[in-house]
Structures are given as C-alpha cells and as structure tokens.
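Chemist: Provided herewith: run_22.json, JSON, C-alpha atoms.
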[["chain", "number", "residue", "atom", "x", "y", "z"],
["C", 14, "MET", "CA", 81.52, 137.84, 93.62],
["C", 15, "PRO", "CA", 84.36, 135.63, 94.97],
["C", 16, "LYS", "CA", 87.88, 137.03, 94.95],
["C", 17, "LEU", "CA", 90.08, 135.58, 92.22],
["C", 18, "ALA", "CA", 93.32, 134.01, 93.38],
["C", 19, "ASP", "CA", 96.61, 135.61, 92.37],
["C", 20, "HIS", "CA", 98.40, 132.44, 91.30],
["C", 21, "ASP", "CA", 101.88, 133.98, 91.16],
["C", 22, "GLN", "CA", 101.45, 135.42, 94.64],
["C", 23, "ARG", "CA", 100.24, 132.05, 95.96],
["C", 24, "ARG", "CA", 103.21, 130.23, 94.40],
["C", 25, "ALA", "CA", 105.57, 132.81, 95.92],
["C", 26, "GLN", "CA", 103.89, 132.30, 99.31],
["C", 27, "ILE", "CA", 104.47, 128.54, 99.05],
["C", 28, "THR", "CA", 108.08, 128.76, 97.82],
["C", 29, "GLY", "CA", 108.81, 131.37, 100.50],
["C", 30, "ALA", "CA", 107.53, 128.97, 103.14],
["C", 31, "ALA", "CA", 109.61, 126.16, 101.62],
["C", 32, "ARG", "CA", 112.72, 128.37, 101.79],
["C", 33, "ARG", "CA", 112.14, 129.02, 105.47],
["C", 34, "VAL", "CA", 111.57, 125.33, 106.22],
["C", 35, "ILE", "CA", 114.68, 124.26, 104.29],
["C", 36, "ALA", "CA", 116.89, 126.96, 105.84],
["C", 37, "ARG", "CA", 115.71, 126.05, 109.34],
["C", 38, "ASP", "CA", 115.33, 122.25, 109.15],
["C", 39, "GLY", "CA", 116.97, 121.00, 105.94],
["C", 40, "LEU", "CA", 115.67, 119.85, 102.58],
["C", 41, "GLY", "CA", 114.33, 116.56, 103.93],
["C", 42, "ALA", "CA", 111.98, 118.49, 106.21],
["C", 43, "ALA", "CA", 110.33, 120.26, 103.27],
["C", 44, "THR", "CA", 107.19, 118.14, 102.86],
["C", 45, "PHE", "CA", 103.74, 119.15, 101.65],
["C", 46, "GLN", "CA", 102.63, 119.16, 105.29],
["C", 47, "SER", "CA", 105.49, 121.23, 106.72],
["C", 48, "VAL", "CA", 105.41, 123.78, 103.90],
["C", 49, "ALA", "CA", 101.62, 124.11, 104.12],
["C", 50, "ALA", "CA", 101.85, 124.65, 107.88],
["C", 51, "GLU", "CA", 104.63, 127.23, 107.42],
["C", 52, "ALA", "CA", 102.59, 129.06, 104.76],
["C", 53, "GLY", "CA", 99.37, 128.85, 106.80],
["C", 54, "ILE", "CA", 97.48, 127.11, 104.01],
["C", 55, "SER", "CA", 96.12, 123.63, 103.34],
["C", 56, "VAL", "CA", 98.18, 120.71, 102.07],
["C", 57, "ARG", "CA", 95.75, 120.42, 99.18],
["C", 58, "LEU", "CA", 96.60, 123.94, 98.07],
["C", 59, "VAL", "CA", 100.33, 123.14, 97.92],
["C", 60, "GLN", "CA", 99.49, 120.00, 95.93],
["C", 61, "TYR", "CA", 97.19, 121.98, 93.64],
["C", 62, "TYR", "CA", 99.93, 124.47, 92.74],
["C", 63, "PHE", "CA", 102.84, 122.07, 92.44],
["C", 64, "GLY", "CA", 101.53, 118.51, 92.19],
["C", 65, "THR", "CA", 104.69, 116.75, 93.31],
["C", 66, "LYS", "CA", 107.38, 117.35, 95.90],
["C", 67, "ARG", "CA", 109.97, 117.57, 93.12],
["C", 68, "LYS", "CA", 108.01, 120.39, 91.44],
["C", 69, "PHE", "CA", 107.71, 122.50, 94.55],
["C", 70, "LEU", "CA", 111.35, 121.89, 95.46],
["C", 71, "LEU", "CA", 112.54, 122.95, 92.00],
["C", 72, "ALA", "CA", 110.22, 125.97, 92.10],
["C", 73, "THR", "CA", 111.81, 126.90, 95.43],
["C", 74, "HIS", "CA", 115.31, 126.56, 93.98],
["C", 75, "HIS", "CA", 114.24, 128.68, 91.02],
["C", 76, "ALA", "CA", 112.83, 131.36, 93.38],
["C", 77, "VAL", "CA", 116.15, 131.60, 95.25],
["C", 78, "VAL", "CA", 118.11, 131.86, 91.99],
["C", 79, "SER", "CA", 115.63, 134.39, 90.60],
["C", 80, "ASP", "CA", 115.98, 136.60, 93.66],
["C", 81, "ALA", "CA", 119.77, 136.42, 93.38],
["C", 82, "GLY", "CA", 119.49, 137.46, 89.72],
["C", 83, "ALA", "CA", 117.38, 140.46, 90.72],
["C", 84, "ARG", "CA", 120.00, 141.46, 93.31],
["C", 85, "PHE", "CA", 122.76, 141.14, 90.68],
["C", 86, "ALA", "CA", 120.76, 143.34, 88.31],
["C", 87, "ARG", "CA", 120.20, 146.04, 90.95],
["C", 88, "ARG", "CA", 123.87, 146.09, 91.94],
["C", 89, "LEU", "CA", 125.04, 146.16, 88.32],
["C", 90, "SER", "CA", 122.67, 148.98, 87.40],
["C", 91, "ALA", "CA", 124.13, 151.01, 90.28],
["C", 92, "LEU", "CA", 127.53, 150.78, 88.55],
["C", 93, "GLY", "CA", 126.33, 152.98, 85.70],
["C", 94, "ALA", "CA", 126.24, 152.67, 81.92],
["C", 95, "ASP", "CA", 129.70, 151.26, 81.15],
["C", 96, "PRO", "CA", 131.27, 149.73, 84.24],
["C", 97, "ALA", "CA", 134.78, 148.33, 84.22],
["C", 98, "PRO", "CA", 134.89, 144.52, 83.92],
["C", 99, "ARG", "CA", 136.55, 144.16, 87.32],
["C", 100, "ASP", "CA", 133.76, 146.22, 88.94],
["C", 101, "VAL", "CA", 131.15, 143.97, 87.34],
["C", 102, "ILE", "CA", 132.89, 140.79, 88.51],
["C", 103, "ARG", "CA", 133.36, 142.19, 92.02],
["C", 104, "ALA", "CA", 129.69, 143.21, 92.20],
["C", 105, "ILE", "CA", 128.59, 139.71, 91.21],
["C", 106, "LEU", "CA", 130.90, 138.05, 93.72],
["C", 107, "THR", "CA", 129.83, 140.40, 96.49],
["C", 108, "GLU", "CA", 126.20, 139.45, 95.91],
["C", 109, "LEU", "CA", 127.10, 135.78, 96.27],
["C", 110, "LEU", "CA", 128.34, 136.25, 99.81],
["C", 111, "PRO", "CA", 125.90, 135.56, 102.69],
["C", 112, "THR", "CA", 126.49, 138.88, 104.47],
["C", 113, "ASP", "CA", 122.89, 139.57, 105.49],
["C", 114, "ALA", "CA", 120.04, 137.44, 106.84],
["C", 115, "GLY", "CA", 118.28, 136.95, 103.49],
["C", 116, "ARG", "CA", 121.39, 135.97, 101.54],
["C", 117, "ARG", "CA", 122.49, 133.74, 104.41],
["C", 118, "ARG", "CA", 119.17, 131.90, 104.35],
["C", 119, "ASP", "CA", 119.31, 131.56, 100.58],
["C", 120, "MET", "CA", 122.88, 130.24, 100.70],
["C", 121, "ILE", "CA", 121.80, 127.60, 103.21],
["C", 122, "VAL", "CA", 118.92, 126.65, 100.90],
["C", 123, "LEU", "CA", 121.21, 126.38, 97.86],
["C", 124, "ASN", "CA", 123.66, 124.27, 99.86],
["C", 125, "ALA", "CA", 120.82, 121.97, 100.85],
["C", 126, "PHE", "CA", 119.97, 121.52, 97.17],
["C", 127, "HIS", "CA", 123.59, 120.82, 96.23],
["C", 128, "ALA", "CA", 123.85, 118.20, 98.98],
["C", 129, "ALA", "CA", 120.52, 116.67, 97.95],
["C", 130, "ALA", "CA", 121.76, 116.36, 94.36],
["C", 131, "LEU", "CA", 124.16, 113.75, 95.69],
["C", 132, "THR", "CA", 121.63, 111.65, 97.57],
["C", 133, "ALA", "CA", 117.97, 112.69, 97.20],
["C", 134, "PRO", "CA", 115.80, 111.29, 94.40],
["C", 135, "GLU", "CA", 113.86, 114.57, 94.02],
["C", 136, "VAL", "CA", 116.90, 116.63, 92.98],
["C", 137, "SER", "CA", 119.58, 115.86, 90.41],
["C", 138, "ALA", "CA", 122.94, 117.53, 89.86],
["C", 139, "GLU", "CA", 121.66, 118.88, 86.55],
["C", 140, "ASP", "CA", 118.87, 120.68, 88.44],
["C", 141, "THR", "CA", 121.45, 122.75, 90.34],
["C", 142, "LEU", "CA", 124.20, 123.37, 87.79],
["C", 143, "GLY", "CA", 122.56, 126.10, 85.69],
["C", 144, "PRO", "CA", 123.33, 129.06, 87.97],
["C", 145, "PRO", "CA", 127.04, 128.23, 88.51],
["C", 146, "ARG", "CA", 127.46, 127.70, 84.76],
["C", 147, "PHE", "CA", 125.83, 131.06, 84.09],
["C", 148, "LEU", "CA", 128.17, 132.75, 86.59],
["C", 149, "VAL", "CA", 131.22, 131.19, 84.95],
["C", 150, "GLU", "CA", 130.09, 132.31, 81.48],
["C", 151, "THR", "CA", 129.34, 135.84, 82.67],
["C", 152, "ILE", "CA", 132.63, 136.24, 84.52],
["C", 153, "ALA", "CA", 134.58, 134.75, 81.60],
["C", 154, "GLU", "CA", 132.99, 137.30, 79.27],
["C", 155, "HIS", "CA", 134.11, 140.16, 81.53],
["C", 156, "LEU", "CA", 137.60, 138.68, 81.91],
["C", 157, "ARG", "CA", 137.95, 138.58, 78.12],
["C", 158, "ARG", "CA", 136.76, 142.18, 77.97],
["C", 159, "ALA", "CA", 139.22, 143.25, 80.67],
["C", 160, "ARG", "CA", 142.11, 141.48, 78.97],
["C", 161, "GLY", "CA", 141.23, 142.73, 75.50],
["C", 162, "ASP", "CA", 142.47, 139.53, 73.86],
["C", 163, "ALA", "CA", 140.24, 137.76, 71.35],
["C", 164, "ALA", "CA", 142.63, 134.86, 70.62],
["C", 165, "PRO", "CA", 141.01, 131.42, 71.08],
["C", 166, "SER", "CA", 143.60, 130.41, 73.68],
["C", 167, "ALA", "CA", 142.84, 133.60, 75.66],
["C", 168, "GLY", "CA", 139.14, 132.68, 75.61],
["C", 169, "ARG", "CA", 139.91, 129.27, 77.08],
["C", 170, "MET", "CA", 142.10, 130.84, 79.77],
["C", 171, "ALA", "CA", 139.29, 133.25, 80.65],
["C", 172, "GLU", "CA", 136.89, 130.31, 81.06],
["C", 173, "LEU", "CA", 139.31, 128.45, 83.32],
["C", 174, "ASP", "CA", 139.99, 131.58, 85.37],
["C", 175, "ALA", "CA", 136.26, 132.23, 85.66],
["C", 176, "GLU", "CA", 135.77, 128.70, 87.00],
["C", 177, "LEU", "CA", 138.49, 129.31, 89.57],
["C", 178, "ILE", "CA", 136.93, 132.64, 90.58],
["C", 179, "VAL", "CA", 133.48, 131.09, 91.04],
["C", 180, "ALA", "CA", 134.96, 128.17, 92.99],
["C", 181, "ALA", "CA", 136.92, 130.55, 95.24],
["C", 182, "ALA", "CA", 133.90, 132.79, 95.84],
["C", 183, "SER", "CA", 131.74, 129.74, 96.57],
["C", 184, "GLY", "CA", 134.31, 128.53, 99.07],
["C", 185, "LEU", "CA", 134.38, 131.95, 100.72],
["C", 186, "ALA", "CA", 130.58, 131.93, 100.89],
["C", 187, "GLN", "CA", 130.68, 128.51, 102.58],
["C", 188, "THR", "CA", 133.22, 129.80, 105.09],
["C", 189, "LEU", "CA", 131.07, 132.82, 105.90],
["C", 190, "LEU", "CA", 128.17, 130.54, 106.82],
["C", 191, "VAL", "CA", 130.15, 128.98, 109.67],
["C", 192, "ASP", "CA", 132.83, 131.55, 110.52],
["C", 193, "ASP", "CA", 131.55, 135.04, 111.31],
["C", 194, "SER", "CA", 135.08, 136.40, 111.63],
["C", 195, "ALA", "CA", 135.71, 135.65, 107.95],
["C", 196, "GLY", "CA", 133.19, 138.36, 107.07],
["C", 197, "LYS", "CA", 135.67, 140.98, 108.22],
["C", 198, "ARG", "CA", 138.14, 139.75, 105.60],
["C", 199, "ALA", "CA", 135.66, 139.11, 102.77],
["C", 200, "ASP", "CA", 136.32, 142.36, 100.88],
["C", 201, "GLU", "CA", 140.07, 141.97, 101.24],
["C", 202, "LEU", "CA", 139.91, 138.36, 100.04],
["C", 203, "LEU", "CA", 137.79, 139.28, 97.01],
["C", 204, "ASP", "CA", 140.19, 142.07, 96.07],
["C", 205, "ARG", "CA", 143.18, 139.75, 96.46],
["C", 206, "LEU", "CA", 141.50, 137.20, 94.19],
["C", 207, "LEU", "CA", 140.65, 139.79, 91.56],
["C", 208, "ASP", "CA", 144.13, 141.32, 91.71],
["C", 209, "ARG", "CA", 145.47, 137.95, 90.61],
["C", 210, "MET", "CA", 142.86, 137.21, 87.95],
["C", 211, "VAL", "CA", 141.64, 140.42, 86.32]]
Would you mind writing the structure in this file as structure tokens?

Modeler:
Amino acid sequence: MPKLADHDQRRAQITGAARRVIARDGLGAATFQSVAAEAGISVRLVQYYFGTKRKFLLATHHAVVSDAGARFARRLSALGADPAPRDVIRAILTELLPTDAGRRRDMIVLNAFHAAALTAPEVSAEDTLGPPRFLVETIAEHLRRARGDAAPSAGRMAELDAELIVAAASGLAQTLLVDDSAGKRADELLDRLLDRMV
C-alpha cells in the first residue's frame, strides 16, 4: 500500500525552503524552481501545493508570522499566570529582536516582504500589515492595563504609545541586522523605552 502524503508536513517543507531562499538571496529569487531545488522536490509538487507564486509567498510569510506567534506564546507562558503588563510588553519586544540565527533569518524574510509590498506585484502592503497591527493592539491593551485608566482619551494615548513602541522596536530590530554591536545594548534600549512609556 503506498504511503499517504502528510500535506501539512509537505507545505512546511516547501515554506521552509522558501524562507531559506529568501533569507539568502532575496524575495525575487524565490521561484518555483529555486524553492523546489532547495526543498529537494519537483517543481510540479510546489505547484501542486500552492498553485501560484503569490500563494506560496503568502504561505511563507504566514509560516514566519506563525512561528513568531508560537515563540511569543512560549515566552508569555513562562511569565506565569498573571504577569505585569510591562513584563508582557518586554517579552513581546524581546521576541521581535533578531538575536539568534532563526529570528535573524525570519527578520530578513519579513523585511523582504515589506520591501516587496512597495514594488512587487505578488505582495501588497495589506498582505504584510496584519502582524504589526496585532502587535500594536496587544501592546495598547497592556498599556491600558498598566495605566489603569479607562477614559476614552487614555485609550487613544495607549494606542499611539503602542504604535511608537512597535516602531521603535522595529527600528532596533533593523539595526541589529546590520550592527552586531547594537545587540549589546538591546536590553538597555528596551528598558529605556519602556521606562518612558509604561
């Protein structure tokens, strides 16, 4: 009896290969042919699972975001049952930083998608905005909790501050990709940011 394919495993194999290609050679290099070669499978198999380049690119983006979400969940669960809002925000921001090989690769991949949203027909800005919006909403919720103020104006201030925090952390993540020495200051910079905002 022939072995049945594990479709989720095959999709993960393909998106994993696409991540490696994009991190090494850029988004434009992620073709059916290059991803198939990286995965050690046929081009037809990549086409079978994803159909179009846009579909396998978006599946790759989703895989990176999904893995980041799993890392956030693990770090947050390590904080215990009722962590302080600042601890939650700091844990999220720490996970955004490319301080190990896997997160570095994923940050390069996400950057490639953000750049492609400006110029490539396969990716739109709307395809990439979900995760940053989610981060802003989550951080704003914890800022409101930390501040203990339910007034509508306080809610708006928390949203604006959350946007600033995400923008600052994103900028720090970008810096870490090109400046290894910045990694030594990353914790200090995060704490300085949170001292001002939380």

Chemist: Tell me which of C:Ala42, C:Ala36, C:Ile27, C:Leu177 sits closest to Ser55 of chain C, counting only C-alpha atoms.

Modeler: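 Checking each of C:Ala42, C:Ala36, C:Ile27, C:Leu177 against Ser55 of chain C, counting only C-alpha atoms, the winner is C:Ile27.
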
Chemist: If I take atom CA of Thr28 of chain C and atom CA of Asp193 of chain C, how far is one from the other in Å, to one decimal?

Modeler: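 A separation of 27.8 Å between them.
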
Chemist: Take atom CA of Arg205 of chain C and atom CA of Asp80 of chain C and report the distance between them in Å, one decimal.

Modeler: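 Pair atom CA of Arg205 of chain C / atom CA of Asp80 of chain C returns 27.5 Å.
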
Chemist: Listed atoms of segment 125-135 of chain C, axis-aligned box, 4 Å per side: centre and edge lengths to one decimal in Å, as JSON?

Modeler:
{"center_x": 119.0, "center_y": 116.6, "center_z": 97.4, "size_x": 18.3, "size_y": 18.7, "size_z": 14.8}

Chemist: Please identify all polymer residues within 8 Å of Ile152 of chain C, counting only C-alpha atoms, omitting same-chain residues fewer than 4 positions from it, and present them as number ranges by chain.

Modeler: C: 102, 148, 156, 175

Chemist: Give the answer as one residue: which of C:Ala83, C:Leu185, C:Ala43, C:Ala76 has the shortest atom-to-atom distance to Gly29 of chain C, using only C-alpha atoms?

Modeler: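 Smallest separation from Gly29 of chain C among the options: C:Ala76.
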
Chemist: Would you pick out the contacts of Glu154 of chain C at 9 Å or less, using only C-alpha atoms, so that residues sharing its chain but fewer than 3 positions from it are not included, and give the list as a PyMOL selection string?

Modeler: chain C and resi 98+149-151+157-159+168+171-172+175

Chemist: What would the file look like if the residues just selected were written as a compact mmCIF listing (two decimals), keeping the file's coordinate frame with C-alpha atoms?

Modeler:
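Writing the result to part_17.txt gives the following:
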# COMPACT_ATOMS: atom_id res chain seq x y z
CA PRO C 98 134.89 144.52 83.92
CA VAL C 149 131.22 131.19 84.95
CA GLU C 150 130.09 132.31 81.48
CA THR C 151 129.34 135.84 82.67
CA ARG C 157 137.95 138.58 78.12
CA ARG C 158 136.76 142.18 77.97
CA ALA C 159 139.22 143.25 80.67
CA GLY C 168 139.14 132.68 75.61
CA ALA C 171 139.29 133.25 80.65
CA GLU C 172 136.89 130.31 81.06
CA ALA C 175 136.26 132.23 85.66

Chemist: Can you tell me how far atom CA of Thr73 of chain C sits from atom CA of Leu203 of chain C, in Å to one decimal?

Modeler: 28.8 Å

Chemist: Determine the nearest neighbour of Gly39 of chain C from the options C:Ile105, C:Ala129, C:Ala153, C:Ala180, counting all atoms listed in the file.

Modeler: C:Ala129

Chemist: C:Glu135, C:Asp19, C:Glu51, C:Glu108: which is nearest Leu70 of chain C, counting only C-alpha atoms?

Modeler: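 When distances to Leu70 of chain C are compared using only C-alpha atoms, the smallest one comes from C:Glu135.
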
Chemist: For the point (119.9, 126.4, 88.8) in file coordinates, what residues are within 7 Å, counting all atoms listed in the file? Give the answer as a ChimeraX atom specification?

Modeler: /C:74-75,78,140-144

Chemist: List as an MDAnalysis selection string the protein and nucleic acid residues near segment 58-60 of chain C, meaning an atom at most 10 Å away when all atoms listed in the file are counted, but skip any in the same chain fewer than 6 places from it.

Modeler: chainID C and resid 23:24 26:28 44:46 48:49 52 66 68:69

Chemist: Find the residue from C:Thr132, C:Ser194, C:Asp162, C:Leu202 that sits nearest to Ile178 of chain C; use all atoms listed in the file when measuring.

Modeler: C:Leu202

Chemist: Just want the 10 Å neighbourhood of Leu40 of chain C, counted on all atoms listed in the file, with same-chain residues fewer than 5 positions away dropped. Output as an mmCIF file with C-alpha atoms, in the coordinates of the input.

Modeler:
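Output below, filename selection32.cif:
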data_model
loop_
_atom_site.group_PDB
_atom_site.id
_atom_site.type_symbol
_atom_site.label_atom_id
_atom_site.label_comp_id
_atom_site.auth_asym_id
_atom_site.auth_seq_id
_atom_site.Cartn_x
_atom_site.Cartn_y
_atom_site.Cartn_z
ATOM 1 C CA ALA C 31 109.610 126.160 101.620
ATOM 2 C CA ARG C 32 112.720 128.370 101.790
ATOM 3 C CA VAL C 34 111.570 125.330 106.220
ATOM 4 C CA ILE C 35 114.680 124.260 104.290
ATOM 5 C CA LEU C 70 111.350 121.890 95.460
ATOM 6 C CA ILE C 121 121.800 127.600 103.210
ATOM 7 C CA VAL C 122 118.920 126.650 100.900
ATOM 8 C CA LEU C 123 121.210 126.380 97.860
ATOM 9 C CA ASN C 124 123.660 124.270 99.860
ATOM 10 C CA ALA C 125 120.820 121.970 100.850
ATOM 11 C CA PHE C 126 119.970 121.520 97.170
ATOM 12 C CA ALA C 128 123.850 118.200 98.980
ATOM 13 C CA ALA C 129 120.520 116.670 97.950
ATOM 14 C CA ALA C 133 117.970 112.690 97.200
#

Chemist: Closest to Asp119 of chain C among C:Phe85, C:Arg37, C:Val56, C:Val77, using all atoms listed in the file?

Modeler: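 Of all the options, C:Val77 lies closest to Asp119 of chain C.
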
Chemist: Segment 187-191 of chain C: which residues within 10 Å, counting only C-alpha atoms, same-chain residues fewer than 5 positions away excluded, as a list in words?

Modeler: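 Non-adjacent residues within range: Leu110, Pro111, Thr112, Arg117, Arg118, Met120, Ile121, Asn124, Ala181, Ala182, Gly196, Lys197, Arg198 and Ala199 of chain C.
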
Chemist: From the coordinates supplied, segment 149-160 of chain C should be written with all heavy atoms, as a PDB file, in the first residue's frame.

Modeler:
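Contents of the output file out.pdb:
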ATOM      1  N   VAL C 149       0.456  46.167  17.816  1.00  0.00           N
ATOM      2  CA  VAL C 149       0.024  47.461  18.357  1.00  0.00           C
ATOM      3  C   VAL C 149      -1.190  47.270  19.258  1.00  0.00           C
ATOM      4  O   VAL C 149      -1.239  47.804  20.382  1.00  0.00           O
ATOM      5  CB  VAL C 149      -0.269  48.476  17.223  1.00  0.00           C
ATOM      6  CG1 VAL C 149      -1.001  49.708  17.752  1.00  0.00           C
ATOM      7  CG2 VAL C 149       1.028  48.874  16.520  1.00  0.00           C
ATOM      8  N   GLU C 150      -2.173  46.495  18.808  1.00  0.00           N
ATOM      9  CA  GLU C 150      -3.378  46.267  19.620  1.00  0.00           C
ATOM     10  C   GLU C 150      -3.037  45.577  20.935  1.00  0.00           C
ATOM     11  O   GLU C 150      -3.548  45.944  21.999  1.00  0.00           O
ATOM     12  CB  GLU C 150      -4.384  45.416  18.830  1.00  0.00           C
ATOM     13  CG  GLU C 150      -5.024  46.133  17.677  1.00  0.00           C
ATOM     14  CD  GLU C 150      -5.810  45.192  16.762  1.00  0.00           C
ATOM     15  OE1 GLU C 150      -6.053  44.028  17.159  1.00  0.00           O
ATOM     16  OE2 GLU C 150      -6.164  45.625  15.652  1.00  0.00           O
ATOM     17  N   THR C 151      -2.177  44.566  20.864  1.00  0.00           N
ATOM     18  CA  THR C 151      -1.804  43.819  22.068  1.00  0.00           C
ATOM     19  C   THR C 151      -1.056  44.697  23.055  1.00  0.00           C
ATOM     20  O   THR C 151      -1.354  44.710  24.257  1.00  0.00           O
ATOM     21  CB  THR C 151      -0.935  42.602  21.681  1.00  0.00           C
ATOM     22  OG1 THR C 151      -1.675  41.778  20.769  1.00  0.00           O
ATOM     23  CG2 THR C 151      -0.542  41.788  22.892  1.00  0.00           C
ATOM     24  N   ILE C 152      -0.099  45.463  22.565  1.00  0.00           N
ATOM     25  CA  ILE C 152       0.679  46.337  23.454  1.00  0.00           C
ATOM     26  C   ILE C 152      -0.200  47.447  24.018  1.00  0.00           C
ATOM     27  O   ILE C 152      -0.100  47.780  25.205  1.00  0.00           O
ATOM     28  CB  ILE C 152       1.921  46.870  22.716  1.00  0.00           C
ATOM     29  CG1 ILE C 152       2.903  45.704  22.491  1.00  0.00           C
ATOM     30  CG2 ILE C 152       2.583  48.008  23.491  1.00  0.00           C
ATOM     31  CD1 ILE C 152       4.074  46.013  21.604  1.00  0.00           C
ATOM     32  N   ALA C 153      -1.100  47.994  23.208  1.00  0.00           N
ATOM     33  CA  ALA C 153      -2.020  49.027  23.703  1.00  0.00           C
ATOM     34  C   ALA C 153      -2.889  48.489  24.834  1.00  0.00           C
ATOM     35  O   ALA C 153      -3.116  49.175  25.842  1.00  0.00           O
ATOM     36  CB  ALA C 153      -2.891  49.548  22.559  1.00  0.00           C
ATOM     37  N   GLU C 154      -3.345  47.262  24.685  1.00  0.00           N
ATOM     38  CA  GLU C 154      -4.171  46.641  25.735  1.00  0.00           C
ATOM     39  C   GLU C 154      -3.385  46.555  27.049  1.00  0.00           C
ATOM     40  O   GLU C 154      -3.906  46.872  28.122  1.00  0.00           O
ATOM     41  CB  GLU C 154      -4.591  45.245  25.268  1.00  0.00           C
ATOM     42  CG  GLU C 154      -5.327  44.433  26.309  1.00  0.00           C
ATOM     43  CD  GLU C 154      -5.557  43.006  25.842  1.00  0.00           C
ATOM     44  OE1 GLU C 154      -5.692  42.776  24.623  1.00  0.00           O
ATOM     45  OE2 GLU C 154      -5.581  42.121  26.712  1.00  0.00           O
ATOM     46  N   HIS C 155      -2.127  46.178  26.974  1.00  0.00           N
ATOM     47  CA  HIS C 155      -1.318  46.052  28.191  1.00  0.00           C
ATOM     48  C   HIS C 155      -0.916  47.425  28.746  1.00  0.00           C
ATOM     49  O   HIS C 155      -0.784  47.579  29.970  1.00  0.00           O
ATOM     50  CB  HIS C 155      -0.109  45.154  27.938  1.00  0.00           C
ATOM     51  CG  HIS C 155      -0.517  43.721  27.810  1.00  0.00           C
ATOM     52  ND1 HIS C 155      -0.877  42.948  28.891  1.00  0.00           N
ATOM     53  CD2 HIS C 155      -0.678  42.930  26.726  1.00  0.00           C
ATOM     54  CE1 HIS C 155      -1.216  41.744  28.481  1.00  0.00           C
ATOM     55  NE2 HIS C 155      -1.110  41.713  27.168  1.00  0.00           N
ATOM     56  N   LEU C 156      -0.766  48.406  27.885  1.00  0.00           N
ATOM     57  CA  LEU C 156      -0.517  49.768  28.379  1.00  0.00           C
ATOM     58  C   LEU C 156      -1.727  50.286  29.154  1.00  0.00           C
ATOM     59  O   LEU C 156      -1.580  50.883  30.228  1.00  0.00           O
ATOM     60  CB  LEU C 156      -0.208  50.710  27.214  1.00  0.00           C
ATOM     61  CG  LEU C 156       1.162  50.576  26.547  1.00  0.00           C
ATOM     62  CD1 LEU C 156       1.247  51.496  25.337  1.00  0.00           C
ATOM     63  CD2 LEU C 156       2.288  50.871  27.539  1.00  0.00           C
ATOM     64  N   ARG C 157      -2.929  50.049  28.610  1.00  0.00           N
ATOM     65  CA  ARG C 157      -4.144  50.482  29.316  1.00  0.00           C
ATOM     66  C   ARG C 157      -4.238  49.784  30.672  1.00  0.00           C
ATOM     67  O   ARG C 157      -4.577  50.402  31.685  1.00  0.00           O
ATOM     68  CB  ARG C 157      -5.387  50.202  28.476  1.00  0.00           C
ATOM     69  CG  ARG C 157      -5.569  51.167  27.320  1.00  0.00           C
ATOM     70  CD  ARG C 157      -6.920  51.009  26.647  1.00  0.00           C
ATOM     71  NE  ARG C 157      -7.050  49.751  25.938  1.00  0.00           N
ATOM     72  CZ  ARG C 157      -6.681  49.564  24.658  1.00  0.00           C
ATOM     73  NH1 ARG C 157      -6.180  50.574  23.951  1.00  0.00           N
ATOM     74  NH2 ARG C 157      -6.830  48.400  24.089  1.00  0.00           N
ATOM     75  N   ARG C 158      -3.909  48.514  30.689  1.00  0.00           N
ATOM     76  CA  ARG C 158      -3.942  47.749  31.931  1.00  0.00           C
ATOM     77  C   ARG C 158      -2.928  48.313  32.938  1.00  0.00           C
ATOM     78  O   ARG C 158      -3.228  48.472  34.125  1.00  0.00           O
ATOM     79  CB  ARG C 158      -3.653  46.276  31.617  1.00  0.00           C
ATOM     80  CG  ARG C 158      -3.946  45.358  32.751  1.00  0.00           C
ATOM     81  CD  ARG C 158      -3.826  43.898  32.309  1.00  0.00           C
ATOM     82  NE  ARG C 158      -3.188  43.188  33.397  1.00  0.00           N
ATOM     83  CZ  ARG C 158      -2.177  42.376  33.293  1.00  0.00           C
ATOM     84  NH1 ARG C 158      -1.642  42.118  32.119  1.00  0.00           N
ATOM     85  NH2 ARG C 158      -1.667  41.780  34.338  1.00  0.00           N
ATOM     86  N   ALA C 159      -1.734  48.617  32.460  1.00  0.00           N
ATOM     87  CA  ALA C 159      -0.683  49.139  33.343  1.00  0.00           C
ATOM     88  C   ALA C 159      -1.067  50.500  33.898  1.00  0.00           C
ATOM     89  O   ALA C 159      -0.780  50.810  35.056  1.00  0.00           O
ATOM     90  CB  ALA C 159       0.638  49.244  32.582  1.00  0.00           C
ATOM     91  N   ARG C 160      -1.719  51.302  33.079  1.00  0.00           N
ATOM     92  CA  ARG C 160      -2.060  52.670  33.485  1.00  0.00           C
ATOM     93  C   ARG C 160      -3.343  52.738  34.295  1.00  0.00           C
ATOM     94  O   ARG C 160      -3.608  53.734  34.964  1.00  0.00           O
ATOM     95  CB  ARG C 160      -2.151  53.554  32.248  1.00  0.00           C
ATOM     96  CG  ARG C 160      -0.800  53.706  31.551  1.00  0.00           C
ATOM     97  CD  ARG C 160      -0.912  54.329  30.190  1.00  0.00           C
ATOM     98  NE  ARG C 160       0.408  54.461  29.561  1.00  0.00           N
ATOM     99  CZ  ARG C 160       0.598  54.875  28.326  1.00  0.00           C
ATOM    100  NH1 ARG C 160      -0.443  55.226  27.567  1.00  0.00           N
ATOM    101  NH2 ARG C 160       1.818  54.949  27.840  1.00  0.00           N
TER     102      ARG C 160
END
